[in-house]
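J.: Got a structure for you, written out below as structure tokens; questions coming shortly.
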Amino acid sequence: MSENSIQLRKKFVLKKRTSLKTDYKVDYENELNEAQLEAVKTQKGPVLVVAGAGTGKTKTLTYRCARLIEDGIEPSSILLLTFTKKAAKEMLNRATLVLDDRCEKVSGGTFHSFSNLILRKYSKLLGLKNNFTIMDQADAQDVIWHCANVLYPKKEKRFPKKSTILEIYSKSVNKEIPVKEIIEKEYYNFTDVEDKIIEIHKAYVKYKRENSILDYDDLLLYLKFLLEDNENIRKKLSNQYQYIMVDEYQDTNTLQADIIKLLASEHNNIMAVGDDAQSIYSFRGANYKNILEFPNIFSGCKIIKLEQNYRSSKNILNLTNAIISKAKKGYKKELFSNIEDNKKPAIIKALNSQMEAEFVCQKVLELLDEDIELNDICVLIRNARMSYNLEIELAKYNIPYQKFGGPKFLEAAHIKDIIAHLRVILNPDDTISLSRILLLLKGVGSKAVSSIIPLMQAKNYNQKLLPSKYSTSLTPLFNLLTKQDENNYSLSELVGAVIDYYKPILVEKYDDWQKREKDLEHFSYLATLYKKLDSFLSDLALEPPEASVEGMYKRNIKDDCLTISTIHSAKGLEWNSVFIIGAVDGRFPSAYSFNSDEEMEEELRLMYVATTRAKSDLFISYPVDMYDYSTQMILTKPSRFLDNLDENLLEIWDIEEDEQNYYGIIFLWKINIFQSAK
């Protein structure tokens, strides 16, 4: 071998590349911080990204999607699971802006929408009809009550409400715990009717099977059954989705965690992103332990912590870090920020709830004078009832506001009526919807319904088979159902025909029909976004619109308005200035959590979520004369979560009435929390 060839060999070794592809379209190194970049570049094997509040979780997922595609991964083999359709859409839209439209082909959606998609494809293997319908919670409660009335027409005085029974069943499914155990642990006041609740559950399950109806929990349950009982399909789906990402993993329930494990079984390329410190949805069945046990379930798991916060000032993060450090369990992390602000969080003691409300109004007006936009100010509350005094004061001060948690669009009776007609067109076996639309008609009662339903389920609209007294009422309905075939009409035309048929009923049934008619117009618009009836109804059940149009007209909300929100509803959002009101021990944390370490820990996490919503201003107030009706005690102390904090973290403000002040109250002093007032 010549000397030149040896030199060439040496040069080849020096130039050897660690990657086959380095010419990335996206400049990941400069766009991401070190921890984010590590998460984006890690592709194989299980990864847990512990993403603190405001640390760029969405950006990390977005860029990881782009990086996978740039590395030659087929977009359709990437599965992004989120808890809202909006979150999935936002991430994929942002990924498209970062890279290109290849990101639109990434498989993304909610757990329930993904389950619905798979079940439609493999419904026969599970003994389901392909045209099964999905019930919302209200419909599920109605079915439960129907089953209860059939089995037990006469019930005990302390028999649980239909909503409570559904809660019991839902927790049983999502936590994978028998109904009997759920009752004995969480609903022990109903142990004397435990056997009846269990029998109603059996009847409920049977009813759903016979009528081709699924509730929310069934979507997850049947998907798990499909993956567990059909090895070939499990392998096929796992190999189809080679790279799985799950957002907000701390909010998953036991059933969802099992589904993830089954979907990743062939490769274990699973990235879970979440924050154990923001796990606040146990009442929905979320299992806090899922994120803690993830590294044990997926061996060889890499843990990456995102700790650089891009939302809040250093002073606010100093407080939030101190609060969450009180947690007994969880991943230790220390959020930090480069945002400088000399303002410290303040705790405000008010004599009562009325004065607390007046303080908020005055401070809001002062913030407006400082050029803070009204829609960048939020008041957070532990529960919806805690803002009543404030809402009255805001009206006095002419401060416009919106409150998260108003009436839901699909819960309005007139919208449920329209949906019931569409469900019957799609699935004639849907007995609950059939009963609903028949009972809207004059002269048709429950006895008549039982004789009419079998004919309608058989699509036998021969009115000669019915007593003549029903002819006038049923003719328009029968004409609608015989003419409306979804294969012959566009979805918009189908919905339009149903609404035209329903309008005389609306006028007859409701005194405020003009306002409700606006909801029908909005419903018609929603239908224009879809081509198929089954997709439209599925999305309405899985991702319902938040608010009633009629409700928005009633409140006359403007774009620029203050926000009042429960803390649970505010998760994931942020404002420049945040007020946390009613932070009195016994309300926050709730007195109901005092005897449970798990519940107290979740209350602590709830306070952490609340404080991390603020960018610049954070005000935590508590009245010292609050009567609690549940405990029959006067609550006077600030939240225990503010105890034993470093003396430099908070300022304390005392307020009292001052008739000379235009706003009604005035600051008497502003001092360090641990110094005595002078």
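Here's how to read the names in the structure tokens: chain A, B, ... by the order shown, residue numbers from 1 in each chain, ligand numbers from 1 in the order shown.
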Run DSSP on the backbone and grab whatever in region 228-293 of chain A lands in strand (DSSP E or B); send it over as JSON, numbers by chain.
T.: {"A": [243, 244, 245, 246, 270, 271, 272, 273, 274]}
J.: Store the residues picked out above, limited to C-alpha atoms, as a short mmCIF file (atom, residue, chain, number, x, y, z; two decimals), in the first residue's frame.
T.:
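Writing the result to out28.cif gives the following:
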data_model
loop_
_atom_site.label_atom_id
_atom_site.label_comp_id
_atom_site.auth_asym_id
_atom_site.auth_seq_id
_atom_site.Cartn_x
_atom_site.Cartn_y
_atom_site.Cartn_z
CA TYR A 243 -43.19 6.86 17.21
CA ILE A 244 -45.74 7.76 19.88
CA MET A 245 -45.92 11.03 21.79
CA VAL A 246 -48.37 11.68 24.62
CA ILE A 270 -42.77 6.34 23.40
CA MET A 271 -42.27 9.89 24.63
CA ALA A 272 -44.48 11.01 27.49
CA VAL A 273 -44.53 14.75 28.21
CA GLY A 274 -46.05 16.17 31.35
#
J.: Can you list, as a PyMOL selection string, every residue of region 222-336 of chain A that DSSP puts in helix (DSSP H, G or I)?
T.: chain A and resi 222-229+231-240+249-251+254-263+276-278+282-284+289-297+314-324
J.: Print the selection's residues with C-alpha atoms to a file, as a short mmCIF file (atom, residue, chain, number, x, y, z; two decimals), in the first residue's frame.
T.:
data_model
loop_
_atom_site.label_atom_id
_atom_site.label_comp_id
_atom_site.auth_asym_id
_atom_site.auth_seq_id
_atom_site.Cartn_x
_atom_site.Cartn_y
_atom_site.Cartn_z
CA TYR A 222 -63.19 -1.37 23.67
CA LEU A 223 -59.86 -0.21 22.26
CA LYS A 224 -58.07 -1.93 25.11
CA PHE A 225 -60.12 -5.09 24.53
CA LEU A 226 -59.23 -4.97 20.83
CA LEU A 227 -55.50 -4.65 21.51
CA GLU A 228 -55.43 -7.27 24.24
CA ASP A 229 -57.55 -9.92 22.51
CA GLU A 231 -52.48 -9.99 18.83
CA ASN A 232 -52.25 -9.48 15.08
CA ILE A 233 -54.09 -6.16 15.26
CA ARG A 234 -52.02 -5.05 18.25
CA LYS A 235 -48.83 -5.78 16.31
CA LYS A 236 -50.20 -4.13 13.18
CA LEU A 237 -51.15 -0.91 14.99
CA SER A 238 -47.94 -0.85 17.01
CA ASN A 239 -45.88 -1.23 13.84
CA GLN A 240 -48.03 1.35 12.07
CA TYR A 249 -49.21 12.46 30.62
CA GLN A 250 -49.91 13.36 34.24
CA ASP A 251 -53.61 13.57 33.30
CA THR A 254 -55.11 3.81 34.28
CA LEU A 255 -56.97 2.69 31.17
CA GLN A 256 -55.17 5.20 28.94
CA ALA A 257 -51.79 4.17 30.35
CA ASP A 258 -52.59 0.54 29.50
CA ILE A 259 -53.53 1.51 25.93
CA ILE A 260 -50.23 3.38 25.50
CA LYS A 261 -48.29 0.36 26.71
CA LEU A 262 -50.10 -1.90 24.21
CA LEU A 263 -49.63 0.52 21.29
CA ASP A 276 -46.39 15.74 37.92
CA ALA A 277 -46.66 19.09 39.72
CA GLN A 278 -49.68 19.97 37.56
CA SER A 282 -58.11 13.03 39.96
CA PHE A 283 -61.85 13.81 40.13
CA ARG A 284 -61.96 12.91 36.41
CA LYS A 289 -49.03 7.59 39.70
CA ASN A 290 -48.87 7.05 35.93
CA ILE A 291 -46.19 9.69 35.39
CA LEU A 292 -44.28 8.63 38.52
CA GLU A 293 -44.23 4.96 37.47
CA PHE A 294 -43.51 5.57 33.77
CA PRO A 295 -39.75 4.87 34.12
CA ASN A 296 -40.52 1.58 35.90
CA ILE A 297 -43.05 0.45 33.28
CA LYS A 314 -37.91 35.42 38.67
CA ASN A 315 -39.81 36.67 41.71
CA ILE A 316 -42.93 34.71 40.82
CA LEU A 317 -40.91 31.54 40.14
CA ASN A 318 -39.15 31.90 43.50
CA LEU A 319 -42.57 31.64 45.13
CA THR A 320 -43.88 28.81 42.94
CA ASN A 321 -40.71 26.76 43.53
CA ALA A 322 -41.10 27.24 47.28
CA ILE A 323 -44.75 26.14 47.17
CA ILE A 324 -44.18 22.94 45.17
#
J.: Rank A:Ile198, A:Val106, A:Ala66, A:Ile347 by their smallest atom-to-atom distance to Ile652 (chain A), using only C-alpha atoms, and report the top residue only.
T.: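 The answer is A:Ile347, which sits nearest to Ile652 (chain A).
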J.: Of the residues A:Ala413, A:Ile377, A:Leu526, A:Met600, which is the one nearest to Asp617 (chain A), using only C-alpha atoms?
T.: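 Among A:Ala413, A:Ile377, A:Leu526, A:Met600, it is A:Ile377 that comes nearest to Asp617 (chain A).
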J.: CA of Val449 (chain A) and CA of Ile499 (chain A), how far apart in Å?
T.: 22.0 Å
J.: What separation in Å, quoted to one decimal, exists between CA of Phe83 (chain A) and CA of Gly109 (chain A)?
T.: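 Computed distance, CA of Phe83 (chain A) to CA of Gly109 (chain A), equals 7.9 Å.
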J.: Quick one: residues within 12 Å of Asn93 (chain A), only C-alpha atoms counted, chain neighbours fewer than 5 positions away excluded, as a ChimeraX atom specification?
T.: /A:58-59,61-63,65-66,86-88,98-106,108
J.: I'd like to know which of A:Glu508, A:Glu574, A:Glu194, A:Asp534 is closest to Ala610 (chain A), using only C-alpha atoms.
T.: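 Nearest to Ala610 (chain A): A:Glu574.
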J.: Skip Tyr401 (chain A) itself and residues of its chain fewer than 5 positions away, then list as a count of residues only all residues within 9 Å of it, counting only C-alpha atoms.
T.: 12
J.: Could you tell me which of A:Ala570, A:Ile182, A:Leu128, A:Cys361 comes closest to Asn211 (chain A) if we count only C-alpha atoms?
T.: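 Under the stated criterion, the closest residue is A:Leu128.
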J.: Go through A:Lys343, A:Lys447, A:Lys637, A:Lys124 and flag the residue nearest Gly582 (chain A), using only C-alpha atoms for the distances.
T.: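 Answer, going by the shortest atom-to-atom distance: A:Lys637.
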J.: Determine, counting only C-alpha atoms, which protein, DNA and RNA residues have an atom within 9 Å of an atom of Ala140 (chain A); residues of the same chain fewer than 5 positions away are not included. Present the result as a JSON list (two decimals) with N, CA, C and O atoms, in the first residue's frame.
T.:
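Just written: around-v4.json:
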[["chain", "number", "residue", "atom", "x", "y", "z"],
["A", 135, "MET", "N", -72.72, 8.47, 22.98],
["A", 135, "MET", "CA", -73.53, 9.30, 23.87],
["A", 135, "MET", "C", -72.67, 10.32, 24.60],
["A", 135, "MET", "O", -71.53, 10.02, 24.97],
["A", 145, "TRP", "N", -80.79, 6.08, 34.06],
["A", 145, "TRP", "CA", -82.02, 6.27, 34.82],
["A", 145, "TRP", "C", -83.16, 5.43, 34.24],
["A", 145, "TRP", "O", -84.02, 4.94, 34.98],
["A", 162, "LYS", "N", -78.71, 10.03, 39.06],
["A", 162, "LYS", "CA", -78.17, 9.40, 37.84],
["A", 162, "LYS", "C", -76.76, 9.87, 37.53],
["A", 162, "LYS", "O", -75.94, 9.10, 37.03],
["A", 163, "SER", "N", -76.46, 11.14, 37.83],
["A", 163, "SER", "CA", -75.11, 11.65, 37.58],
["A", 163, "SER", "C", -74.09, 10.95, 38.48],
["A", 163, "SER", "O", -72.97, 10.66, 38.05],
["A", 166, "LEU", "N", -73.43, 7.40, 37.17],
["A", 166, "LEU", "CA", -72.52, 7.44, 36.03],
["A", 166, "LEU", "C", -71.08, 7.69, 36.49],
["A", 166, "LEU", "O", -70.14, 7.09, 35.95],
["A", 214, "LEU", "N", -72.34, 3.65, 22.48],
["A", 214, "LEU", "CA", -71.16, 3.67, 23.33],
["A", 214, "LEU", "C", -71.12, 4.99, 24.09],
["A", 214, "LEU", "O", -71.54, 6.02, 23.57],
["A", 215, "ASP", "N", -70.63, 4.95, 25.33],
["A", 215, "ASP", "CA", -70.36, 6.20, 26.04],
["A", 215, "ASP", "C", -68.86, 6.50, 25.93],
["A", 215, "ASP", "O", -68.11, 5.75, 25.30]]
J.: With only C-alpha atoms as the basis for distance, which of A:Glu393, A:Glu266, A:Glu358, A:Asp500 is at the shortest distance from Ile655 (chain A)?
T.: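 Comparing A:Glu393, A:Glu266, A:Glu358, A:Asp500 against Ile655 (chain A), the winner is A:Glu358.
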J.: What is the CA of Leu306 (chain A) to CA of Ala95 (chain A) distance in Å?
T.: 19.5 Å
J.: Using only C-alpha atoms, which protein or nucleic acid residues come within 6 Å of Val584 (chain A)? Drop anything in the same chain fewer than 2 positions from it, and give the result as a PyMOL selection string.
T.: chain A and resi 582+587-588+622+637-639
J.: When you look at Val624 (chain A) with a cut-off of 7 Å (counting only C-alpha atoms), what residues show up, excluding the ones that are within fewer than 3 positions of it in the same chain? I need them as a VMD selection string.
T.: chain A and resid 349 to 352 635 to 637
